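Colleague: Here it is: the structure, laid out below.
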Amino acid sequence: MSALLVATGVGCGAGTVGKAVRPTSPTAGEALGAAEVKCREGVSDAQPLVVDMSSSARVDLEVAMREGLAVVAYDCKSMRLLPACKLSGSYKFAGVSRKEEVVKLNDQGEIAANLPFNGVKIAGGIDRDAALDLALVLVGKQTTPTDGAGRPELTGRCDGATHFVRSASIGAFAIGVGTRGEARVVADVFGYGASANSSSQRQSMNKDGDLAECRGATPDDVKPPAQCRSAIRLELVPIMATAPASPDAPAPTTEPIAIAASCPAGMSMAAGRCTADTSGPYVCAAGDEAQCDAQCQKGSAGSCHNLGVLLQGKKIEVVAGGSTVQLVQERDEKLRKLFSTACEGGVAESCDRLGYVRMSLKAPRTEVQDAWQRACNLGHGPGCRVLAGDFLHGAAPDLARGRGLLDRACKLGDAFSCGSLADSFLKPSSGSAPTPDEVAQGVAVFKDACAARRRYACREVARLYSDGKLVAKDDVVALEYHEKSCATGNTLSCFDAGLMVFAGRGAAKDVARAEELFERTCPTVDAGSACADAAKVFREGKLVPKDTARAASYMERMCAASGNGCMQVADMYLDGKDVPKDRDRALGLYEGMCTKGNGTACLKLADQLQRSDKARAKEIYGSTCGQGLVEGCDKFKKLGGDPATVKP
C-alpha cells in the first residue's frame, strides 16, 4: 500500500483540468460510473483524494480547518464541504518522510471513484485511449487527536453532515492527461521531466505547489514549505448519532490492525487508487488469508501487512512432541519477513509491528528502534510514542529527544502521547519539582487535549487550578475545566463542579445550576461510580443539605445501570436507614442480585421469605448450598432439606 493512501493533509489553491474527446464506448472499469458507485459494506472511514477540489473549495477547507474541525457530506461517490457547520477542535502539523508517486486513473470509472468533487465531470472529457496522471508529493499531516464526534456536538447549518476530517495530508500535486500503459515519474507530470513537452502534457496540465520546495522538506519540519501545503487526501471519520464516550485516560494498544480499503463496492485499492482492474497486485480483504497471501506474493505491501496481522492473531497449535517456543519463533520469523516487506513498501503500521517482532526475536535494540523510527517518520503516532519510552526511561535517558517524539506523536493524533507528554513536564522522572517553563508547557498540552474533548485532560487542568500546587490557585478556571470535563461525560467532574457551584466557588452560588450538575453526576441511565460519591455527600449533609431520599435514588440508579451498590441500597430500604422502610423494594433488589448469582443476596432474600413462603426460602437455600455456601446448606437442612442431594 502506498504511504499516500494512509497519510493525509490540507492546503489551498487549484485550477481546472482540461478536457479531451469523450470516448465512444466504456471499458469494464468505466461501467462503474459515478451513479452506480456504492460504499463498501462494513467500511465507514474513508481516505478520499481531494486534488480535484476547486480553488474556492480549497479556501473553504483551509478556513474550516483553521477555525475548528472540518465537516463534510460524503457518500463514497461525492463529497461536499459544509463550511457553515461547526465542530470544536484543532489540528496540529507534523512532517513525515517525503513520498512521491504517480497514480494513473485509466478510465471513467476510476476517475469517478477516486475524485469525489469533479471526477464525473473530468471523466466525461477524457479520450478513450487517455489516462489521468496524478503526481502526488506528501510531506506532512495535519491531525486532530479527536477520534470521534456525535451529531449533538455540531452547530450551525449541518444538513447532510456525515463525516469530519480527522487528518489531512499536505504537499503538492500535478494532474496531466497521459496515455494508458505509459509509465511516468512525478517530475514529468509536474513539467520538469524529459517528457514534459509531449503532446499529452501540452494538452492538459494543472498543479498546485512547487516540487523543488517539497523535496527540501524533512520529517522534523514544524511547518510545511510555503509552496508545498496543498490538499492531497483526507481521512474522514463518521459522525455518530450521539456523542461518543471519552475515556478517563486513553489506553495505548499494541494489537495489530489490518488495513481496510474504503473503495466502492466492486473495486479494490491498487497502486494508490480504487480500481476494478484486479490483474495487478491489490490490497486484499482483511480477513481473507488466501487472497492476502496471493496478493502479497504479487507485490502488494498492504496485503503483506494484512497477512501478518492474520498470522499474528492465529492461535498456535502444538502437536504431540512439538515445542511451543520453536513454533512461536518460526511464526515470528514469518512475521518479520511480512512486516519488513510491508514496511519497505511504505506501510507505517507494519514498521511499528516490525519493532515488536524484532524485540520478540531478541534483535539488537538499535534494530528495534530503527523500525519504530521508520514508523514515526511515516506518520504513525504510536511508533513515535513507544520509541519515546526508550529515550525517557532507558539506560541513557535523553529527555529532549523523548519529549520531541511524544510531541510528534501527539501532533499525529495519538491521544495517549499527549497525556504522557504533559506528565513528562509536570512529573519529571528525576523526581525533582518541575520548572515554571515545564509547568507552562505541561498545562498547555493538557489544555490542547481538552479542546479535543479528552475528558481526562480537562479534569487534569481543573485539578491543577483547584489544588494550586503547580499553578496559582484559580477556582474560576478550575470550574471552567470541570464543566468542560463534565460535558465530555466525566461524571466525577460533574460532581466536583456541582459542589463548587453550590458553595459559590468559582462562580456565584447557584443551587439550581448545582442541582443540574448533580443530576449529570448520576444520570437515570448509564449511572457510574460517581453516584456513590454523590449519594454519600447527600447522606452525610456536610457539603450540601442532607437529602437521604436523593442519596438512595442515586444508589439505586447505579445499581440498575451497573449492578454496583445494589446490596447497600437494598439494606437501606430493608432497615429503613436514611430512607423510609420499604421491604418490598428491598426484596426486589435482593431478587435481582440473586438471579445474577449473588449468593449473599440470595441468603438475605431467603431469610426474609422464611415466614411468608417457606417453600420458596427452602428452594433458595438449596441453590446457595449448591454454590458451596455453608450457611445456605445449614439453613437448607434446618428447613428439612438434605444437603447431600443438592447438585452443584
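Labels used: A, B, ... for chains in the order of the C-alpha cells, numbers from 1 for residues in each chain, and numbers from 1 for ligands as shown.
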Just the residues within 12 Å of segment 533-539 of chain A, please, counting only C-alpha atoms, with nothing from its chain fewer than 4 positions along; format it as number ranges by chain.
Modeller: A: 491-499, 514-515, 517-523, 527-529, 543-558, 565, 568-569, 572, 577-579
Colleague: Go ahead and save the picked residues with C-alpha atoms, as a PDB file, in the first residue's frame.
Modeller:
```pdb
ATOM      1  CA  THR A 491     -19.275  12.374  35.946  1.00  0.00           C
ATOM      2  CA  LEU A 492     -16.577  12.909  38.580  1.00  0.00           C
ATOM      3  CA  SER A 493     -16.047  16.399  37.208  1.00  0.00           C
ATOM      4  CA  CYS A 494     -19.809  16.967  37.071  1.00  0.00           C
ATOM      5  CA  PHE A 495     -19.856  16.193  40.775  1.00  0.00           C
ATOM      6  CA  ASP A 496     -16.914  18.479  41.597  1.00  0.00           C
ATOM      7  CA  ALA A 497     -18.414  21.291  39.505  1.00  0.00           C
ATOM      8  CA  GLY A 498     -21.732  20.861  41.316  1.00  0.00           C
ATOM      9  CA  LEU A 499     -20.073  21.166  44.705  1.00  0.00           C
ATOM     10  CA  ALA A 514     -25.695  22.803  41.080  1.00  0.00           C
ATOM     11  CA  GLU A 515     -28.764  20.534  41.035  1.00  0.00           C
ATOM     12  CA  LEU A 517     -24.747  19.196  37.653  1.00  0.00           C
ATOM     13  CA  PHE A 518     -25.590  16.664  40.377  1.00  0.00           C
ATOM     14  CA  GLU A 519     -28.125  15.080  38.039  1.00  0.00           C
ATOM     15  CA  ARG A 520     -25.397  14.792  35.400  1.00  0.00           C
ATOM     16  CA  THR A 521     -23.172  13.230  38.047  1.00  0.00           C
ATOM     17  CA  CYS A 522     -25.672  10.434  38.455  1.00  0.00           C
ATOM     18  CA  PRO A 523     -27.998  10.265  35.429  1.00  0.00           C
ATOM     19  CA  ALA A 527     -25.037   5.748  36.010  1.00  0.00           C
ATOM     20  CA  GLY A 528     -21.471   5.225  37.166  1.00  0.00           C
ATOM     21  CA  SER A 529     -19.452   5.060  40.368  1.00  0.00           C
ATOM     22  CA  LEU A 543     -21.207  19.848  51.914  1.00  0.00           C
ATOM     23  CA  VAL A 544     -24.837  20.096  50.766  1.00  0.00           C
ATOM     24  CA  PRO A 545     -28.158  19.931  52.633  1.00  0.00           C
ATOM     25  CA  LYS A 546     -28.872  16.399  53.817  1.00  0.00           C
ATOM     26  CA  ASP A 547     -31.230  14.568  51.453  1.00  0.00           C
ATOM     27  CA  THR A 548     -31.411  10.841  52.207  1.00  0.00           C
ATOM     28  CA  ALA A 549     -34.110  10.168  49.611  1.00  0.00           C
ATOM     29  CA  ARG A 550     -31.887  11.568  46.886  1.00  0.00           C
ATOM     30  CA  ALA A 551     -28.944   9.590  48.247  1.00  0.00           C
ATOM     31  CA  ALA A 552     -30.947   6.377  47.972  1.00  0.00           C
ATOM     32  CA  SER A 553     -32.117   7.327  44.474  1.00  0.00           C
ATOM     33  CA  TYR A 554     -28.539   7.814  43.301  1.00  0.00           C
ATOM     34  CA  MET A 555     -27.506   4.446  44.721  1.00  0.00           C
ATOM     35  CA  GLU A 556     -30.474   2.733  43.091  1.00  0.00           C
ATOM     36  CA  ARG A 557     -29.646   4.305  39.707  1.00  0.00           C
ATOM     37  CA  MET A 558     -26.094   2.989  39.947  1.00  0.00           C
ATOM     38  CA  GLY A 565     -24.063  -0.667  45.193  1.00  0.00           C
ATOM     39  CA  GLN A 568     -26.079  -1.310  50.101  1.00  0.00           C
ATOM     40  CA  VAL A 569     -29.267   0.300  48.802  1.00  0.00           C
ATOM     41  CA  MET A 572     -31.070   0.736  53.336  1.00  0.00           C
ATOM     42  CA  LYS A 577     -31.768   3.531  57.287  1.00  0.00           C
ATOM     43  CA  ASP A 578     -31.740   7.096  55.918  1.00  0.00           C
ATOM     44  CA  VAL A 579     -34.858   6.307  53.847  1.00  0.00           C
TER      45      VAL A 579
END
```
Colleague: Apply DSSP to the structure's backbone, then extract all residues of segment 301-397 of chain A labelled helix (DSSP H, G or I) and return them as a PyMOL selection string.
Modeller: chain A and resi 301-313+324-344+348-360+365-377+381-393
Colleague: Restricting the output to C-alpha atoms, write the selected residues as a PDB file, in the first residue's frame.
Modeller:
```
ATOM      1  CA  ALA A 301       2.581  -4.181   0.604  1.00  0.00           C
ATOM      2  CA  GLY A 302      -0.854  -3.686   2.173  1.00  0.00           C
ATOM      3  CA  SER A 303      -1.668  -7.373   1.626  1.00  0.00           C
ATOM      4  CA  CYS A 304       1.627  -8.426   3.250  1.00  0.00           C
ATOM      5  CA  HIS A 305       0.646  -6.322   6.245  1.00  0.00           C
ATOM      6  CA  ASN A 306      -2.845  -7.838   6.420  1.00  0.00           C
ATOM      7  CA  LEU A 307      -1.395 -11.361   6.105  1.00  0.00           C
ATOM      8  CA  GLY A 308       0.931 -10.604   9.006  1.00  0.00           C
ATOM      9  CA  VAL A 309      -1.981  -9.365  11.120  1.00  0.00           C
ATOM     10  CA  LEU A 310      -3.911 -12.571  10.357  1.00  0.00           C
ATOM     11  CA  LEU A 311      -0.913 -14.756  11.184  1.00  0.00           C
ATOM     12  CA  GLN A 312      -0.237 -12.921  14.437  1.00  0.00           C
ATOM     13  CA  GLY A 313      -3.866 -13.360  15.524  1.00  0.00           C
ATOM     14  CA  THR A 324       5.755 -24.076  21.698  1.00  0.00           C
ATOM     15  CA  VAL A 325       8.916 -21.981  21.848  1.00  0.00           C
ATOM     16  CA  GLN A 326      10.043 -23.245  18.447  1.00  0.00           C
ATOM     17  CA  LEU A 327       6.614 -22.673  16.870  1.00  0.00           C
ATOM     18  CA  VAL A 328       6.482 -19.114  18.230  1.00  0.00           C
ATOM     19  CA  GLN A 329       9.949 -18.406  16.867  1.00  0.00           C
ATOM     20  CA  GLU A 330       9.015 -19.811  13.440  1.00  0.00           C
ATOM     21  CA  ARG A 331       5.872 -17.676  13.390  1.00  0.00           C
ATOM     22  CA  ASP A 332       7.817 -14.574  14.394  1.00  0.00           C
ATOM     23  CA  GLU A 333      10.318 -15.195  11.588  1.00  0.00           C
ATOM     24  CA  LYS A 334       7.408 -15.239   9.116  1.00  0.00           C
ATOM     25  CA  LEU A 335       6.040 -12.065  10.667  1.00  0.00           C
ATOM     26  CA  ARG A 336       9.441 -10.403  10.405  1.00  0.00           C
ATOM     27  CA  LYS A 337       9.547 -11.076   6.661  1.00  0.00           C
ATOM     28  CA  LEU A 338       5.945  -9.958   6.063  1.00  0.00           C
ATOM     29  CA  PHE A 339       6.156  -6.762   8.119  1.00  0.00           C
ATOM     30  CA  SER A 340       9.612  -5.954   6.700  1.00  0.00           C
ATOM     31  CA  THR A 341       8.237  -6.212   3.165  1.00  0.00           C
ATOM     32  CA  ALA A 342       5.220  -4.049   4.018  1.00  0.00           C
ATOM     33  CA  CYS A 343       7.360  -1.526   5.881  1.00  0.00           C
ATOM     34  CA  GLU A 344       9.673  -1.220   2.864  1.00  0.00           C
ATOM     35  CA  ALA A 348       3.742   2.722   8.587  1.00  0.00           C
ATOM     36  CA  GLU A 349       1.734   0.275  10.728  1.00  0.00           C
ATOM     37  CA  SER A 350       3.986  -2.562   9.530  1.00  0.00           C
ATOM     38  CA  CYS A 351       7.109  -0.688  10.587  1.00  0.00           C
ATOM     39  CA  ASP A 352       5.536  -0.376  14.029  1.00  0.00           C
ATOM     40  CA  ARG A 353       4.719  -4.112  14.136  1.00  0.00           C
ATOM     41  CA  LEU A 354       8.219  -4.916  12.906  1.00  0.00           C
ATOM     42  CA  GLY A 355       9.654  -3.243  16.000  1.00  0.00           C
ATOM     43  CA  TYR A 356       7.698  -5.575  18.300  1.00  0.00           C
ATOM     44  CA  VAL A 357       8.582  -8.663  16.234  1.00  0.00           C
ATOM     45  CA  ARG A 358      12.274  -7.775  16.248  1.00  0.00           C
ATOM     46  CA  MET A 359      12.061  -7.317  20.004  1.00  0.00           C
ATOM     47  CA  SER A 360      10.432 -10.772  20.344  1.00  0.00           C
ATOM     48  CA  ARG A 365      17.943  -2.718  20.333  1.00  0.00           C
ATOM     49  CA  THR A 366      19.184  -0.459  17.556  1.00  0.00           C
ATOM     50  CA  GLU A 367      17.253  -2.568  15.007  1.00  0.00           C
ATOM     51  CA  VAL A 368      14.109  -2.414  17.139  1.00  0.00           C
ATOM     52  CA  GLN A 369      14.432   1.360  17.445  1.00  0.00           C
ATOM     53  CA  ASP A 370      15.082   1.681  13.712  1.00  0.00           C
ATOM     54  CA  ALA A 371      11.705   0.047  12.921  1.00  0.00           C
ATOM     55  CA  TRP A 372       9.842   2.380  15.288  1.00  0.00           C
ATOM     56  CA  GLN A 373      11.735   5.395  13.947  1.00  0.00           C
ATOM     57  CA  ARG A 374      10.659   4.487  10.411  1.00  0.00           C
ATOM     58  CA  ALA A 375       7.041   4.134  11.563  1.00  0.00           C
ATOM     59  CA  CYS A 376       7.322   7.508  13.260  1.00  0.00           C
ATOM     60  CA  ASN A 377       8.829   9.148  10.171  1.00  0.00           C
ATOM     61  CA  GLY A 381       1.991   8.226  16.168  1.00  0.00           C
ATOM     62  CA  PRO A 382       2.215   5.008  18.259  1.00  0.00           C
ATOM     63  CA  GLY A 383       5.636   4.287  16.738  1.00  0.00           C
ATOM     64  CA  CYS A 384       6.870   7.704  17.916  1.00  0.00           C
ATOM     65  CA  ARG A 385       5.369   7.095  21.352  1.00  0.00           C
ATOM     66  CA  VAL A 386       6.939   3.702  22.007  1.00  0.00           C
ATOM     67  CA  LEU A 387      10.295   4.968  20.767  1.00  0.00           C
ATOM     68  CA  ALA A 388       9.996   7.926  23.139  1.00  0.00           C
ATOM     69  CA  GLY A 389       9.828   5.475  26.037  1.00  0.00           C
ATOM     70  CA  ASP A 390      13.346   4.264  25.206  1.00  0.00           C
ATOM     71  CA  PHE A 391      14.746   7.781  25.437  1.00  0.00           C
ATOM     72  CA  LEU A 392      12.789   8.830  28.511  1.00  0.00           C
ATOM     73  CA  HIS A 393      13.246   5.685  30.594  1.00  0.00           C
TER      74      HIS A 393
END
```
Colleague: Residues within 8 Å of segment 643-647 of chain A, please, as a list in words. Count only C-alpha atoms; anything in the same chain fewer than 2 positions from it doesn't count.
Modeller: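 Selected residues are Gly622, Ser623, Cys625, Gly626, Cys633, Phe636, Lys637 and Gly641 of chain A.
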Colleague: Suppose we keep C-alpha atoms; can you now write the selection as an mmCIF file, in the first residue's frame?
Modeller:
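Printed below is again_18.cif as written:
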```cif
data_model
loop_
_atom_site.group_PDB
_atom_site.id
_atom_site.type_symbol
_atom_site.label_atom_id
_atom_site.label_comp_id
_atom_site.auth_asym_id
_atom_site.auth_seq_id
_atom_site.Cartn_x
_atom_site.Cartn_y
_atom_site.Cartn_z
ATOM 1 C CA GLY A 622 -30.760 -25.205 48.433
ATOM 2 C CA SER A 623 -29.442 -23.250 45.434
ATOM 3 C CA CYS A 625 -25.850 -24.702 49.116
ATOM 4 C CA GLY A 626 -25.194 -25.881 45.563
ATOM 5 C CA CYS A 633 -26.508 -25.648 53.459
ATOM 6 C CA PHE A 636 -31.467 -25.688 53.940
ATOM 7 C CA LYS A 637 -31.012 -28.528 56.422
ATOM 8 C CA GLY A 641 -33.555 -30.381 53.170
#
```
Colleague: So that I can see what lies close to Val51 of chain A, please list as a list in words the residues with an atom at most 8 Å from it, counting only C-alpha atoms and leaving out residues fewer than 4 positions away in the same chain.
Modeller: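 That gives Ala14, Leu115, Phe173, Ala231, Ile232 and Arg233 of chain A.
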Colleague: Quick one: everything within 12 Å of Val63 of chain A, counting only C-alpha atoms, minus sequence neighbours fewer than 2 positions away in the same chain. Send it as a PDB file with N, CA, C and O atoms, in the first residue's frame.
Modeller:
```pdb
ATOM      1  N   VAL A  10      -3.734  19.257   4.203  1.00  0.00           N
ATOM      2  CA  VAL A  10      -4.585  20.380   3.785  1.00  0.00           C
ATOM      3  C   VAL A  10      -3.766  21.470   3.119  1.00  0.00           C
ATOM      4  O   VAL A  10      -2.618  21.665   3.438  1.00  0.00           O
ATOM      5  N   GLY A  11      -4.384  22.174   2.191  1.00  0.00           N
ATOM      6  CA  GLY A  11      -3.689  23.270   1.529  1.00  0.00           C
ATOM      7  C   GLY A  11      -4.686  24.171   0.841  1.00  0.00           C
ATOM      8  O   GLY A  11      -5.858  24.145   1.115  1.00  0.00           O
ATOM      9  N   CYS A  12      -4.240  24.993  -0.093  1.00  0.00           N
ATOM     10  CA  CYS A  12      -5.152  25.862  -0.800  1.00  0.00           C
ATOM     11  C   CYS A  12      -4.631  26.104  -2.202  1.00  0.00           C
ATOM     12  O   CYS A  12      -3.463  25.943  -2.482  1.00  0.00           O
ATOM     13  N   SER A  56     -12.048  27.698  -4.750  1.00  0.00           N
ATOM     14  CA  SER A  56     -12.876  28.228  -3.662  1.00  0.00           C
ATOM     15  C   SER A  56     -13.107  27.177  -2.593  1.00  0.00           C
ATOM     16  O   SER A  56     -13.119  27.481  -1.393  1.00  0.00           O
ATOM     17  N   ALA A  57     -13.260  25.901  -3.003  1.00  0.00           N
ATOM     18  CA  ALA A  57     -13.466  24.829  -2.025  1.00  0.00           C
ATOM     19  C   ALA A  57     -12.216  24.621  -1.184  1.00  0.00           C
ATOM     20  O   ALA A  57     -12.290  24.333   0.016  1.00  0.00           O
ATOM     21  N   ARG A  58     -11.027  24.788  -1.803  1.00  0.00           N
ATOM     22  CA  ARG A  58      -9.783  24.652  -1.050  1.00  0.00           C
ATOM     23  C   ARG A  58      -9.661  25.756   0.000  1.00  0.00           C
ATOM     24  O   ARG A  58      -9.235  25.510   1.127  1.00  0.00           O
ATOM     25  N   VAL A  59     -10.044  26.948  -0.377  1.00  0.00           N
ATOM     26  CA  VAL A  59     -10.010  28.055   0.578  1.00  0.00           C
ATOM     27  C   VAL A  59     -10.965  27.774   1.726  1.00  0.00           C
ATOM     28  O   VAL A  59     -10.634  27.963   2.906  1.00  0.00           O
ATOM     29  N   ASP A  60     -12.171  27.292   1.398  1.00  0.00           N
ATOM     30  CA  ASP A  60     -13.152  26.972   2.438  1.00  0.00           C
ATOM     31  C   ASP A  60     -12.632  25.884   3.369  1.00  0.00           C
ATOM     32  O   ASP A  60     -12.823  25.944   4.590  1.00  0.00           O
ATOM     33  N   LEU A  61     -11.963  24.876   2.800  1.00  0.00           N
ATOM     34  CA  LEU A  61     -11.413  23.795   3.620  1.00  0.00           C
ATOM     35  C   LEU A  61     -10.329  24.316   4.549  1.00  0.00           C
ATOM     36  O   LEU A  61     -10.291  23.980   5.738  1.00  0.00           O
ATOM     37  N   MET A  65     -10.580  24.263   8.641  1.00  0.00           N
ATOM     38  CA  MET A  65      -9.614  23.550   9.469  1.00  0.00           C
ATOM     39  C   MET A  65      -8.849  24.497  10.386  1.00  0.00           C
ATOM     40  O   MET A  65      -8.279  24.068  11.386  1.00  0.00           O
ATOM     41  N   ARG A  66      -8.834  25.763  10.056  1.00  0.00           N
ATOM     42  CA  ARG A  66      -8.198  26.749  10.924  1.00  0.00           C
ATOM     43  C   ARG A  66      -9.119  27.145  12.072  1.00  0.00           C
ATOM     44  O   ARG A  66      -8.672  27.460  13.177  1.00  0.00           O
ATOM     45  N   GLU A  67     -10.430  27.116  11.823  1.00  0.00           N
ATOM     46  CA  GLU A  67     -11.402  27.574  12.820  1.00  0.00           C
ATOM     47  C   GLU A  67     -11.970  26.450  13.681  1.00  0.00           C
ATOM     48  O   GLU A  67     -12.658  26.707  14.660  1.00  0.00           O
ATOM     49  N   GLY A  68     -11.707  25.212  13.334  1.00  0.00           N
ATOM     50  CA  GLY A  68     -12.239  24.074  14.085  1.00  0.00           C
ATOM     51  C   GLY A  68     -12.013  22.817  13.277  1.00  0.00           C
ATOM     52  O   GLY A  68     -11.063  22.718  12.510  1.00  0.00           O
ATOM     53  N   LEU A  69     -12.894  21.820  13.471  1.00  0.00           N
ATOM     54  CA  LEU A  69     -12.797  20.594  12.690  1.00  0.00           C
ATOM     55  C   LEU A  69     -13.716  20.694  11.480  1.00  0.00           C
ATOM     56  O   LEU A  69     -14.882  21.080  11.605  1.00  0.00           O
ATOM     57  N   ALA A  70     -13.194  20.358  10.318  1.00  0.00           N
ATOM     58  CA  ALA A  70     -13.961  20.457   9.079  1.00  0.00           C
ATOM     59  C   ALA A  70     -14.985  19.332   9.002  1.00  0.00           C
ATOM     60  O   ALA A  70     -14.683  18.174   9.305  1.00  0.00           O
ATOM     61  N   VAL A  71     -16.203  19.670   8.592  1.00  0.00           N
ATOM     62  CA  VAL A  71     -17.308  18.714   8.494  1.00  0.00           C
ATOM     63  C   VAL A  71     -17.720  18.601   7.030  1.00  0.00           C
ATOM     64  O   VAL A  71     -17.787  19.603   6.308  1.00  0.00           O
ATOM     65  N   LEU A  81     -18.051  19.903   1.212  1.00  0.00           N
ATOM     66  CA  LEU A  81     -17.636  20.571   2.441  1.00  0.00           C
ATOM     67  C   LEU A  81     -18.795  21.409   2.968  1.00  0.00           C
ATOM     68  O   LEU A  81     -19.503  22.059   2.207  1.00  0.00           O
ATOM     69  N   LEU A  82     -18.988  21.384   4.306  1.00  0.00           N
ATOM     70  CA  LEU A  82     -20.047  22.171   4.939  1.00  0.00           C
ATOM     71  C   LEU A  82     -19.398  23.260   5.791  1.00  0.00           C
ATOM     72  O   LEU A  82     -19.267  23.121   7.015  1.00  0.00           O
ATOM     73  N   PRO A  83     -18.960  24.351   5.187  1.00  0.00           N
ATOM     74  CA  PRO A  83     -18.215  25.385   5.921  1.00  0.00           C
ATOM     75  C   PRO A  83     -19.024  26.063   7.013  1.00  0.00           C
ATOM     76  O   PRO A  83     -18.447  26.614   7.953  1.00  0.00           O
ATOM     77  N   ALA A  84     -20.360  26.047   6.919  1.00  0.00           N
ATOM     78  CA  ALA A  84     -21.190  26.693   7.943  1.00  0.00           C
ATOM     79  C   ALA A  84     -21.517  25.748   9.092  1.00  0.00           C
ATOM     80  O   ALA A  84     -22.185  26.146  10.041  1.00  0.00           O
ATOM     81  N   LYS A  86     -20.174  23.728  12.254  1.00  0.00           N
ATOM     82  CA  LYS A  86     -19.026  23.881  13.145  1.00  0.00           C
ATOM     83  C   LYS A  86     -18.902  22.703  14.109  1.00  0.00           C
ATOM     84  O   LYS A  86     -19.897  22.200  14.632  1.00  0.00           O
ATOM     85  N   SER A  90      -9.068  21.240  16.990  1.00  0.00           N
ATOM     86  CA  SER A  90      -7.976  21.889  16.268  1.00  0.00           C
ATOM     87  C   SER A  90      -7.061  20.834  15.662  1.00  0.00           C
ATOM     88  O   SER A  90      -7.089  19.668  16.048  1.00  0.00           O
ATOM     89  N   TYR A  91      -6.246  21.277  14.705  1.00  0.00           N
ATOM     90  CA  TYR A  91      -5.301  20.403  14.014  1.00  0.00           C
ATOM     91  C   TYR A  91      -3.870  20.845  14.320  1.00  0.00           C
ATOM     92  O   TYR A  91      -3.600  22.030  14.523  1.00  0.00           O
TER      93      TYR A  91
END
```
Colleague: What does the distance between atom CA of Val102 of chain A and atom CA of Val50 of chain A come to in Å, to one decimal place?
Modeller: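 Straight-line distance from atom CA of Val102 of chain A to atom CA of Val50 of chain A works out to 14.9 Å.
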Colleague: How many Å separate atom CA of Gly597 of chain A from atom CA of Arg611 of chain A?
Modeller: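 Answer for the atom CA of Gly597 of chain A to atom CA of Arg611 of chain A separation: 23.3 Å.
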Colleague: Quick one: of A:Val185, A:Met240, A:Leu87, A:Ala270, who's nearest to Ala452 of chain A, counting only C-alpha atoms?
Modeller: A:Leu87
Colleague: As a PyMOL selection string, please: all residues of segment 155-236 of chain A that backbone DSSP puts in strand (DSSP E).
Modeller: chain A and resi 155-156+163-179+205-208+230-236
Colleague: Save the residues we just selected, C-alpha atoms, as an mmCIF file, in the first residue's frame?
Modeller:
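Result file is again.cif:
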```cif
data_model
loop_
_atom_site.group_PDB
_atom_site.id
_atom_site.type_symbol
_atom_site.label_atom_id
_atom_site.label_comp_id
_atom_site.auth_asym_id
_atom_site.auth_seq_id
_atom_site.Cartn_x
_atom_site.Cartn_y
_atom_site.Cartn_z
ATOM 1 C CA THR A 155 -23.537 23.681 15.480
ATOM 2 C CA GLY A 156 -24.610 25.838 12.550
ATOM 3 C CA HIS A 163 -18.116 12.800 8.473
ATOM 4 C CA PHE A 164 -15.489 15.103 9.936
ATOM 5 C CA VAL A 165 -11.898 15.452 8.775
ATOM 6 C CA ARG A 166 -9.610 13.750 11.284
ATOM 7 C CA SER A 167 -6.420 14.307 9.335
ATOM 8 C CA ALA A 168 -5.280 15.710 6.043
ATOM 9 C CA SER A 169 -2.128 15.014 4.024
ATOM 10 C CA ILE A 170 -0.332 18.022 2.663
ATOM 11 C CA GLY A 171 2.200 18.531 -0.067
ATOM 12 C CA ALA A 172 1.896 19.231 -3.780
ATOM 13 C CA PHE A 173 0.194 17.665 -6.773
ATOM 14 C CA ALA A 174 0.059 17.905 -10.531
ATOM 15 C CA ILE A 175 -2.581 16.494 -12.870
ATOM 16 C CA GLY A 176 -1.976 15.707 -16.507
ATOM 17 C CA VAL A 177 -3.634 13.762 -19.292
ATOM 18 C CA GLY A 178 -1.400 10.902 -20.414
ATOM 19 C CA THR A 179 -1.870 7.576 -22.144
ATOM 20 C CA MET A 205 -1.754 20.377 -17.070
ATOM 21 C CA ASN A 206 -2.849 21.508 -13.605
ATOM 22 C CA LYS A 207 -0.727 21.628 -10.476
ATOM 23 C CA ASP A 208 -0.521 23.171 -7.028
ATOM 24 C CA SER A 230 -1.799 21.749 -0.831
ATOM 25 C CA ALA A 231 -4.596 19.283 -0.070
ATOM 26 C CA ILE A 232 -3.919 15.745 -1.258
ATOM 27 C CA ARG A 233 -6.002 13.260 0.699
ATOM 28 C CA LEU A 234 -8.351 13.494 3.705
ATOM 29 C CA GLU A 235 -9.036 10.957 6.422
ATOM 30 C CA LEU A 236 -12.755 11.052 7.167
#
```
